[in-house]
Each structure stands twice: as C-alpha cells, then as structure tokens.
>>> print(open('input-v7.cif').read())   # mmCIF, C-alpha atoms
data_protein
#
loop_
_atom_site.label_atom_id
_atom_site.label_comp_id
_atom_site.auth_asym_id
_atom_site.auth_seq_id
_atom_site.Cartn_x
_atom_site.Cartn_y
_atom_site.Cartn_z
CA MET A 168 76.39 105.67 45.29
CA LYS A 169 75.14 104.62 48.68
CA SER A 170 78.21 102.56 49.44
CA ILE A 171 80.53 105.42 48.43
CA ASN A 172 78.62 107.65 50.80
CA VAL A 173 78.96 105.17 53.64
CA ILE A 174 82.70 104.80 53.02
CA LEU A 175 83.22 108.56 52.89
CA THR A 176 81.23 109.24 56.05
CA THR A 177 83.01 106.44 57.93
CA SER A 178 86.41 107.71 56.81
CA VAL A 179 85.63 111.25 57.92
CA LEU A 180 84.37 110.07 61.31
CA LEU A 181 87.36 107.75 61.81
CA LEU A 182 89.93 110.37 60.89
CA SER A 183 88.21 112.99 63.04
CA GLY A 184 88.32 110.59 65.97
CA LEU A 185 91.99 109.78 65.41
CA THR A 186 92.91 113.45 65.06
CA LEU A 187 91.09 114.42 68.25
CA SER A 188 92.54 111.53 70.25
CA GLY A 189 96.01 112.53 69.05
CA CYS A 190 95.49 115.92 70.68
CA GLU A 191 95.06 114.38 74.15
CA ASN A 192 97.18 115.92 76.86
CA THR A 193 99.52 113.11 77.78
CA SER A 194 101.64 114.87 80.35
CA VAL A 195 100.38 112.93 83.36
CA SER A 196 97.47 110.85 82.14
CA GLY A 197 97.27 107.33 80.80
CA SER A 198 97.48 103.91 82.28
CA VAL A 199 100.75 102.98 83.90
CA SER A 200 102.61 99.91 84.87
CA TYR A 201 105.07 101.18 87.38
CA GLY A 202 106.59 98.67 89.76
CA MET A 203 105.73 99.94 93.19
CA GLY A 204 107.33 97.13 95.15
CA MET A 205 110.67 98.59 96.13
CA GLY A 206 113.10 95.71 96.34
CA TYR A 207 112.31 92.40 97.81
CA GLY A 208 113.05 93.40 101.36
CA TYR A 209 116.39 94.98 100.59
CA PRO A 210 117.28 96.83 103.80
CA MET A 211 117.31 100.54 103.17
CA TYR A 212 118.41 101.18 106.72
CA TYR A 213 120.55 104.26 107.12
CA GLY A 214 119.97 105.06 110.75
CA HIS A 215 118.57 108.34 111.93
CA HIS A 216 119.46 110.95 114.58
CA HIS A 217 121.00 113.29 112.04
CA HIS A 218 122.72 116.29 113.50
CA HIS A 219 125.26 118.82 112.33
CA HIS A 220 128.35 117.14 110.95
CA PRO A 221 131.40 119.39 110.72
CA ASP A 222 133.46 116.63 109.10
CA VAL A 223 131.28 116.34 105.97
CA ILE A 224 132.73 117.61 102.72
CA VAL A 225 130.97 118.23 99.43
CA VAL A 226 133.02 118.29 96.24
CA ARG A 227 131.00 120.12 93.65
CA PRO A 228 132.55 122.35 91.02
CA PRO A 229 130.55 125.31 89.71
CA LYS A 230 128.55 124.48 86.61
CA LYS A 231 130.95 126.35 84.29
CA ASP A 232 133.90 124.30 85.59
CA ARG A 233 132.36 120.89 85.07
CA PRO A 234 133.94 119.87 81.80
CA SER A 235 136.33 117.14 82.82
CA PRO A 236 140.02 118.14 83.04
CA GLY A 237 140.80 114.92 81.19
CA LYS A 238 138.56 115.80 78.25
CA PRO A 239 140.51 116.33 75.04
CA LYS A 240 139.90 119.74 73.51
CA LEU A 241 138.14 119.40 70.23
CA ARG A 242 139.40 121.41 67.29
CA PRO A 243 137.72 121.68 63.95
CA SER A 244 139.58 119.47 61.52
CA ARG A 245 141.49 121.22 58.77
CA PRO A 246 141.15 120.08 55.21
CA LYS A 247 144.26 118.29 54.02
CA ARG A 248 146.41 120.10 51.46
CA ARG A 249 147.71 118.18 48.56
CA MET B 155 72.80 112.97 48.95
CA LYS B 156 75.16 114.76 46.59
CA THR B 157 75.53 117.58 49.10
CA ILE B 158 76.59 115.14 51.85
CA ASN B 159 79.10 113.65 49.48
CA LYS B 160 80.52 117.09 48.72
CA TYR B 161 80.96 117.94 52.41
CA CYS B 162 82.51 114.57 53.14
CA LEU B 163 85.03 114.94 50.34
CA THR B 164 85.86 118.50 51.42
CA ALA B 165 86.48 117.33 54.99
CA LEU B 166 88.38 114.18 54.05
CA PHE B 167 91.35 115.82 52.30
CA PRO B 168 92.33 118.29 55.06
CA LEU B 169 91.93 115.53 57.65
CA LEU B 170 94.14 113.15 55.68
CA LEU B 171 96.78 115.85 55.28
CA PHE B 172 96.65 116.82 58.99
CA THR B 173 96.88 113.21 60.18
CA THR B 174 99.81 112.43 57.88
CA LEU B 175 101.74 115.53 58.92
CA PHE B 176 101.31 114.90 62.64
CA THR B 177 102.11 111.20 62.41
CA ASN B 178 105.40 112.06 60.73
CA ALA B 179 106.15 114.85 63.19
CA GLU B 180 105.64 112.55 66.18
CA GLN B 181 108.06 110.04 64.71
CA VAL B 182 110.82 112.57 64.14
CA GLN B 183 110.63 114.87 67.18
CA PRO B 184 111.22 112.48 70.10
CA LYS B 185 114.54 111.21 68.80
CA LYS B 186 115.77 114.72 68.20
CA GLN B 187 114.87 115.82 71.72
CA ALA B 188 116.27 112.70 73.33
CA ILE B 189 119.60 113.34 71.65
CA GLU B 190 119.61 117.03 72.51
CA GLN B 191 118.49 116.86 76.10
CA VAL B 192 119.56 113.65 77.81
CA GLU B 193 122.90 114.10 79.52
CA GLN B 194 124.22 110.61 80.13
CA GLY B 195 125.26 109.87 83.70
CA LYS B 196 123.65 113.01 85.11
CA LEU B 197 121.22 113.03 88.01
CA LEU B 198 117.87 113.51 86.37
CA TRP B 199 115.14 112.47 88.75
CA ALA B 200 114.60 111.38 92.35
CA ASP B 201 112.02 109.40 94.28
CA LEU B 202 111.31 109.73 97.96
CA TYR B 203 110.50 106.48 99.77
CA THR B 204 108.69 107.37 102.95
CA SER B 205 106.52 105.70 105.57
CA ASP B 206 104.52 108.91 106.01
CA VAL B 207 103.57 110.17 102.57
CA GLU B 208 101.28 112.91 103.79
CA SER B 209 103.78 114.63 106.06
CA SER B 210 106.51 114.30 103.41
CA LEU B 211 104.25 115.91 100.82
CA ASN B 212 103.38 118.68 103.26
CA PHE B 213 107.04 119.36 103.92
CA TYR B 214 108.12 119.53 100.27
CA THR B 215 105.15 121.53 99.06
CA ASP B 216 105.43 124.11 101.81
CA THR B 217 109.23 124.37 101.82
CA PHE B 218 109.93 124.36 98.09
CA GLY B 219 106.61 125.60 96.74
CA TRP B 220 106.19 122.38 94.76
CA THR B 221 102.74 121.04 93.94
CA VAL B 222 101.41 117.48 94.05
CA ARG B 223 99.69 115.42 91.37
CA LYS B 224 98.66 111.81 91.51
CA PHE B 225 100.36 109.56 89.01
CA GLY B 226 97.36 107.66 87.71
CA LYS B 227 94.44 105.52 88.72
CA ASP B 228 96.47 102.32 88.71
CA ASN B 229 99.13 103.71 91.01
CA GLU B 230 97.32 105.89 93.48
CA ASN B 231 100.13 105.61 96.01
CA TYR B 232 102.58 107.31 93.70
CA HIS B 233 102.62 111.09 93.83
CA LEU B 234 104.41 113.42 91.49
CA LEU B 235 105.90 116.63 92.79
CA PHE B 236 105.88 119.50 90.30
CA ASP B 237 108.12 122.54 90.28
CA GLY B 238 105.93 124.96 88.35
CA ASP B 239 104.65 122.98 85.39
CA ARG B 240 107.55 120.51 85.33
CA ALA B 241 107.67 117.25 87.24
CA ILE B 242 110.61 117.13 89.62
CA ALA B 243 110.24 114.06 91.85
CA GLY B 244 108.13 111.11 92.88
CA VAL B 245 106.93 110.26 96.37
CA LEU B 246 105.84 106.77 97.33
CA SER B 247 105.06 104.83 100.41
CA ARG B 248 107.35 102.22 101.88
CA SER B 249 106.47 101.00 105.32
CA ALA B 250 108.81 101.69 108.22
CA GLN B 251 108.81 97.97 109.01
CA ARG B 252 109.94 97.10 105.49
CA ASN B 253 112.43 99.92 105.50
CA LYS B 254 113.73 98.80 108.90
CA THR B 255 113.69 102.45 109.89
CA GLU B 256 111.28 105.31 110.09
CA ALA B 257 113.74 107.45 108.17
CA ALA B 258 112.70 108.23 104.61
CA LEU B 259 115.15 107.95 101.73
CA TRP B 260 115.70 109.86 98.50
CA VAL B 261 116.78 107.60 95.62
CA GLY B 262 118.24 109.51 92.69
CA SER B 263 117.95 108.38 89.07
CA ILE B 264 120.81 108.90 86.66
CA ALA B 265 120.30 109.14 82.91
CA THR B 266 121.49 106.24 80.82
CA ASP B 267 120.85 105.01 77.29
CA ASP B 268 120.60 101.31 78.17
CA VAL B 269 119.27 100.36 81.59
CA GLN B 270 119.46 96.60 81.04
CA ALA B 271 123.12 96.69 80.03
CA LYS B 272 124.01 98.83 83.06
CA VAL B 273 122.05 96.54 85.37
CA ASN B 274 123.90 93.52 83.96
CA ASN B 275 127.21 95.32 84.46
CA ALA B 276 126.23 96.19 88.03
CA ALA B 277 125.30 92.57 88.79
CA ASN B 278 128.59 91.37 87.30
CA ASN B 279 130.42 93.79 89.59
CA LYS B 280 128.73 92.65 92.83
CA GLY B 281 125.88 95.13 92.75
CA THR B 282 122.43 94.04 93.98
CA ILE B 283 119.41 94.43 91.76
CA ILE B 284 116.68 95.86 93.96
CA LEU B 285 114.15 96.53 91.24
CA LYS B 286 114.74 94.97 87.85
CA VAL B 287 114.16 96.90 84.63
CA HIS B 288 110.57 98.05 84.42
CA ASP B 289 108.47 100.61 82.59
CA PHE B 290 108.46 103.90 84.38
CA ALA B 291 105.50 104.76 82.29
CA LEU B 292 105.82 108.52 82.22
CA TYR B 293 109.46 108.64 81.32
CA GLY B 294 110.93 105.37 80.05
CA LYS B 295 112.76 102.34 81.46
CA ARG B 296 114.01 102.28 85.01
CA ALA B 297 115.83 99.97 87.44
CA VAL B 298 117.06 100.32 91.00
CA ILE B 299 120.28 98.80 92.25
CA ALA B 300 122.47 98.87 95.33
CA ASP B 301 126.20 99.12 94.78
CA PRO B 302 128.48 96.59 96.57
CA GLN B 303 128.74 98.92 99.57
CA GLY B 304 124.99 99.39 99.90
CA ALA B 305 124.39 102.77 98.28
CA ILE B 306 121.10 102.77 96.40
CA ILE B 307 120.81 104.37 92.98
CA SER B 308 118.34 104.22 90.13
CA LEU B 309 118.94 104.16 86.38
CA LEU B 310 116.58 105.85 83.97
CA ASP B 311 116.52 105.44 80.21
CA LEU B 312 114.84 108.30 78.44
CA SER B 313 116.11 107.51 74.99
CA ASN B 314 112.78 106.06 73.91
CA SER B 315 110.63 108.61 75.60
CA ASP B 316 108.98 111.33 73.63
CA ILE B 317 108.06 114.95 74.14
CA LYS B 318 106.94 114.21 77.68
CA GLN B 319 110.57 114.58 78.55
CA LYS B 320 110.16 118.30 78.25
CA ASN B 321 108.05 118.20 81.36
CA ILE B 322 110.87 116.99 83.60
CA SER B 323 112.52 119.65 85.67
CA ASP B 324 116.23 120.34 85.22
CA LYS B 325 116.66 121.39 88.85
CA TRP B 326 118.51 118.25 89.96
CA ASP B 327 121.99 119.59 89.90
CA TRP B 328 124.46 117.27 91.53
CA ALA B 329 124.88 113.89 93.19
CA GLN B 330 127.53 112.92 95.69
CA LEU B 331 128.26 109.49 97.04
CA PHE B 332 129.46 109.25 100.62
CA SER B 333 131.47 106.07 100.65
CA THR B 334 133.27 103.95 103.21
CA ASP B 335 135.79 103.02 100.50
CA THR B 336 136.00 105.65 97.78
CA LYS B 337 138.48 103.72 95.64
CA LYS B 338 136.24 100.65 95.51
CA SER B 339 133.23 102.84 94.73
CA ALA B 340 135.04 104.66 91.93
CA SER B 341 136.02 101.32 90.44
CA PHE B 342 132.43 100.03 90.62
CA TYR B 343 130.89 103.11 88.98
CA HIS B 344 133.53 102.99 86.27
CA GLN B 345 133.03 99.27 85.54
CA ALA B 346 129.26 99.17 85.86
CA PHE B 347 128.10 102.52 84.50
CA GLY B 348 131.02 103.64 82.35
CA TYR B 349 131.99 106.76 84.29
CA SER B 350 135.50 108.08 83.91
CA THR B 351 137.00 108.62 87.34
CA GLU B 352 139.66 111.02 88.44
CA LYS B 353 140.85 112.19 91.83
CA THR B 354 139.68 115.65 92.77
CA LYS B 355 143.20 116.56 93.96
CA ALA B 356 146.45 114.69 94.26
CA ASN B 357 146.59 112.57 97.42
CA SER B 358 142.88 113.01 97.91
CA SER B 359 140.45 110.17 98.57
CA SER B 360 137.68 112.00 96.67
CA TYR B 361 136.81 111.32 93.05
CA TYR B 362 134.90 112.96 90.25
CA LEU B 363 132.69 110.85 88.01
CA SER B 364 132.48 112.06 84.41
CA GLN B 365 130.55 111.08 81.32
CA GLN B 366 130.49 112.66 77.89
CA GLY B 367 133.45 114.77 79.00
CA GLU B 368 131.58 116.47 81.80
CA ILE B 369 131.79 115.97 85.55
CA ARG B 370 128.48 114.55 86.72
CA ALA B 371 128.98 113.50 90.33
CA SER B 372 131.50 113.03 93.10
CA ILE B 373 132.55 110.42 95.64
CA VAL B 374 133.86 111.43 99.05
CA LYS B 375 134.74 109.58 102.23
CA LEU B 376 131.80 108.92 104.52
CA PRO B 377 132.53 110.64 107.85
CA ALA B 378 133.11 108.32 110.80
CA SER B 379 130.25 109.97 112.69
CA PHE B 380 127.70 108.66 110.16
CA GLU B 381 126.11 105.24 110.03
CA GLN B 382 128.77 103.28 108.15
CA ARG B 383 126.90 102.43 105.00
CA ASP B 384 127.39 104.17 101.68
CA ARG B 385 124.75 106.62 100.55
CA TRP B 386 124.06 109.00 97.71
CA ILE B 387 122.96 112.56 98.46
CA ASN B 388 121.11 114.35 95.68
CA PHE B 389 121.27 118.12 95.33
CA VAL B 390 118.44 120.24 93.98
CA LYS B 391 118.78 123.82 92.80
CA VAL B 392 116.69 126.53 94.42
CA ASP B 393 116.40 130.20 93.50
CA ASP B 394 116.98 131.57 96.98
CA LEU B 395 118.85 129.22 99.29
CA SER B 396 118.49 131.19 102.50
CA LYS B 397 114.76 131.61 101.99
CA VAL B 398 114.19 127.90 101.32
CA LEU B 399 116.47 126.93 104.20
CA SER B 400 114.55 129.16 106.63
CA LYS B 401 111.32 127.51 105.54
CA ALA B 402 112.87 124.05 105.84
CA ILE B 403 113.99 124.76 109.40
CA LYS B 404 110.59 126.20 110.23
CA ASN B 405 109.12 122.93 108.92
CA LYS B 406 111.39 120.93 111.26
CA ALA B 407 114.23 120.00 108.95
CA LEU B 408 117.70 119.68 110.50
CA ILE B 409 120.85 121.12 108.99
CA VAL B 410 123.40 118.37 108.55
CA TYR B 411 126.02 120.37 106.66
CA GLN B 412 126.35 124.06 105.83
CA PRO B 413 129.75 125.28 104.66
CA LYS B 414 130.57 128.97 104.99
CA ASP B 415 132.22 129.35 101.62
CA GLN B 416 129.71 127.56 99.37
CA LYS B 417 126.09 128.21 98.60
CA LEU B 418 124.91 124.74 99.44
CA VAL B 419 123.52 122.86 102.36
CA ILE B 420 122.50 119.32 103.28
CA VAL B 421 119.39 118.92 105.39
CA ALA B 422 117.50 116.02 106.90
CA ASP B 423 113.79 116.47 106.30
CA PRO B 424 111.40 115.79 109.21
CA SER B 425 111.19 112.14 108.08
CA GLY B 426 114.99 111.82 108.13
CA ALA B 427 115.58 111.83 104.36
CA LEU B 428 118.77 113.65 103.43
CA ILE B 429 118.66 116.13 100.57
CA GLY B 430 121.15 118.69 99.33
CA LEU B 431 120.20 122.21 98.29
CA THR B 432 122.26 124.47 96.06
CA GLU B 433 121.59 127.99 94.93
CA GLN B 434 120.92 128.48 91.25
CA GLU B 435 124.10 129.83 89.65
CA SER B 436 123.90 132.89 87.45
CA GLU B 437 124.53 132.33 83.75
CA LYS B 438 127.39 134.89 83.67
#
>>> encode(input="input-v7.cif", output="structure tokens")
Amino acid sequence: MKSINVILTTSVLLLSGLTLSGCENTSVSGSVSYGMGMGYGYPMYYGHHHHHHPDVIVVRPPKKDRPSPGKPKLRPSRPKRR
Amino acid sequence: MKTINKYCLTALFPLLLFTTLFTNAEQVQPKKQAIEQVEQGKLLWADLYTSDVESSLNFYTDTFGWTVRKFGKDNENYHLLFDGDRAIAGVLSRSAQRNKTEAALWVGSIATDDVQAKVNNAANNKGTIILKVHDFALYGKRAVIADPQGAIISLLDLSNSDIKQKNISDKWDWAQLFSTDTKKSASFYHQAFGYSTEKTKANSSSYYLSQQGEIRASIVKLPASFEQRDRWINFVKVDDLSKVLSKAIKNKALIVYQPKDQKLVIVADPSGALIGLTEQESEK
C-alpha cells in the first residue's frame, strides 16, 4: 500500500511540475546560442555623408499588384467526362 | 492513508489528460502556422549593426515608438526592438574599427525553408559566407552572406520554429537592392535563392524578384553618386509616414530619397544606416 502511495504522489508531483513548466512564457526567455560575431572581418564599409539623391529610384508595386505577371492563373480543375 | 490515495487518484487522471492533450497540440500547431505564415523569399526581419547601440536605440524608440527588450542573459549585447507586442528587429554592436566605418548598417533577413541549401548555392555562385548557419534561438536557423557584388543579406528559416513566430511583426514590407550591375545581381539571386526574375519594364535595367508567384523585392541601378558597392535597403511600414518622418528629422535623420508621387521615403539614421519607410496601405 505504501509503495502505491509513493508512486501516486510522485506521479502527481511530476505531472504537476511538467504541466506548470509547459505554461512558461517563451516569447523572449530561455537560453540562446546566437552567433554574435558578425563575419570574420568582412568589410561592411558603405561610406557615409548621405545627402539627398535625386537620381535614386524605388520600384515597389502596391501590395495588391504584387502577384507576379508571369504567374499562371490557377483554375479549379474540372472533372473529366466519360 | 486511504484519503491521500483518493486525492492522488482524482488529481492524476485530469493531469494525465491535460498533459497528453497539450503535448499533441504543440506537435501539430507549429507546422500548421509555419505553412500558413511564412512567405518564402519575403523580407521578414532585420538587424541593425551599429557602433553606438545606445544612440541607435534612442533613435528608433523615439522615432517609431518601438520598445526595447534584451535578448537573454547569454547575449546581453543583443537588443530586440518591439512594435507593440511583436518583435520587429534586432540591434547589436559592431565596432566602428571592425566595420571600417562609423556608419551603421541594416541587414535584412529573407524567409527561406532551407538556409544551408541556399548558403551552399550562394557559395557556388561566388557569394561570401559572412556568418555560417547558426541557431537564431528565438526564430530558427539563420546565415548571413554577401553577394558577389558585396551586398549583405541574411537568410532565416522559420519552418522549424513554433508559435513564437506569431510574435514577429509583419511590418517589413519591401526590400530593394541597389546594384552596380543589375543583370549580374538578378542572375545571382535566381541561381542562389531561387527567385524568378523579370524586368520591371521593357528596356529597363530594373528587375523584380518573385517567389511563390508573388513579387518580393526589386533590383535597381545604384546611382553614380553613391559609394559604388551594392546594398540592400529594407522598407518598414508605418501608420503615418509624415508624422514618423517629422520625428526622424527632429532626431537628426537625413532624407536620402523622397519621391513626390509615392508614399515612401529613404532616410539615413543619425548613425548613417539607411532605412526605407512606407505608409501602410489601406485594405480596400
């Protein structure tokens, strides 16, 4: 009887622990292994002294026009008639 | 003793049921979300490499209303910027000496389903691996490469990530590569990353990059007045462009490009990092 009791109590405690730990907010916490060394000395030089550039262009279609013109239009397939 | 036994048995069954249900739910949900939400080849995330983290954080929090959270104890130098309750960007320190300039740099991450394969493709097409595939612990696998003309871009694989993905902002809207040789660039991004390329207009040197049948980015000629090295500019959506732009100027940003007929602008932040702003389009 005693051993059954011990097993039951241990199971309840273990499951409670697991359940509670599963509810942990993981959005930003936890240990991480993110490589912070950015490149092995790769030059990221881009110069500075930015000023207004009238000769820049930006090609950006509105969101609704972004499906590619080359994309084939999908039609629902019709069942074959025999 | 019998009473304890009764209570234990009563508690054990609901706990077993609860644990089983949640274990199964966790296994099913991530895959579903990854399939629904990840748009392959789209700009998804960006990291700011700066020699002055504090002033960069001050600029972006005050101008955009973003908030800052530290990434974790093991990486105290990495800061996450949040737009509301969703993470939008990372900020990390890179010394001016190492950068060979005091100018900061935004590096955009595009969504992919296999970082290692894309990195291999990039290397086979004369790209340089700056940061090999590593765990970007919050969101999945990541790698940073430079294309053959020096433009730096990051690849991010979210396919194995779970519900955390919901916490990433969808405000990164567009990416444009300014290139010294647009044809070469288009060929590289097609070969290495699998984009379809098409000219924006006949006889134009500009290209669209598409994946999954949708235009994701563009390539245009780098103006002669710029430092002649290719670069990506990442565009973030804001609710009120003129309001954010006024704040940016007040916080010492410089306008690099502001067309009259489009609701977008490119600015250089006070640390010299270029970022594009677009106004959120209405759903109609």
>>> atom_distance(input="input-v7.cif", atom1="atom CA of B:Ser333", atom2="atom CA of B:Leu376")
4.8 Å
>>> resolve_selection(input="input-v7.cif", expression="the PyMOL selection byres ((chain B and resi 338-341) around 12)", output="MDAnalysis selection string")
chainID B and resid 276 279:281 300:305 330:337 342:354 359:364 371:376 384:386
>>> closest_residue(input="input-v7.cif", among="B:Gln194, B:Asn278, B:Thr217, B:Ser247", to="B:Asn231", atoms="only C-alpha atoms")
B:Ser247
>>> residues_around(input="input-v7.cif", residues="stretch 366-370 of chain B", least_positions_apart="5", cutoff="12 Å", atoms="only C-alpha atoms", output="PyMOL selection string")
(chain A and resi 226-241) or (chain B and resi 192-198+264-266+326-331+343+348-354+361+388-389)
>>> closest_residue(input="input-v7.cif", among="B:Lys325, B:Lys272, B:Lys391, B:Lys406", to="B:Ser308", atoms="all atoms listed in the file")
B:Lys272
>>> atom_distance(input="input-v7.cif", atom1="atom CA of B:Lys404", atom2="atom CA of B:Val222")
20.5 Å
>>> closest_residue(input="input-v7.cif", among="B:Ser436, B:Asn405, B:Asn357, B:Ser396", to="B:Leu211", atoms="all atoms listed in the file")
B:Asn405
>>> closest_residue(input="input-v7.cif", among="B:Ser263, B:Ser209, B:Gln416, B:Ser358", to="B:Thr432", atoms="only C-alpha atoms")
B:Gln416
>>> atom_distance(input="input-v7.cif", atom1="atom CA of B:Asn274", atom2="atom CA of B:Ala258")
27.7 Å
>>> closest_residue(input="input-v7.cif", among="B:Tyr411, B:Phe236, B:Phe213, B:Phe218", to="chain A", atoms="all atoms listed in the file")
B:Tyr411
>>> closest_residue(input="input-v7.cif", among="B:Ile283, B:Val298, B:Val410, B:Ile242", to="chain A", atoms="all atoms listed in the file")
B:Val410
>>> resolve_selection(input="input-v7.cif", expression="the PyMOL selection byres ((chain B and resi 392) around 6)", output="compact mmCIF listing (two decimals) with C-alpha atoms, in the coordinates of the input")
# COMPACT_ATOMS: atom_id res chain seq x y z
CA LYS B 391 118.78 123.82 92.80
CA ASP B 393 116.40 130.20 93.50
CA ASP B 394 116.98 131.57 96.98
CA LEU B 395 118.85 129.22 99.29
CA GLU B 433 121.59 127.99 94.93
CA GLN B 434 120.92 128.48 91.25
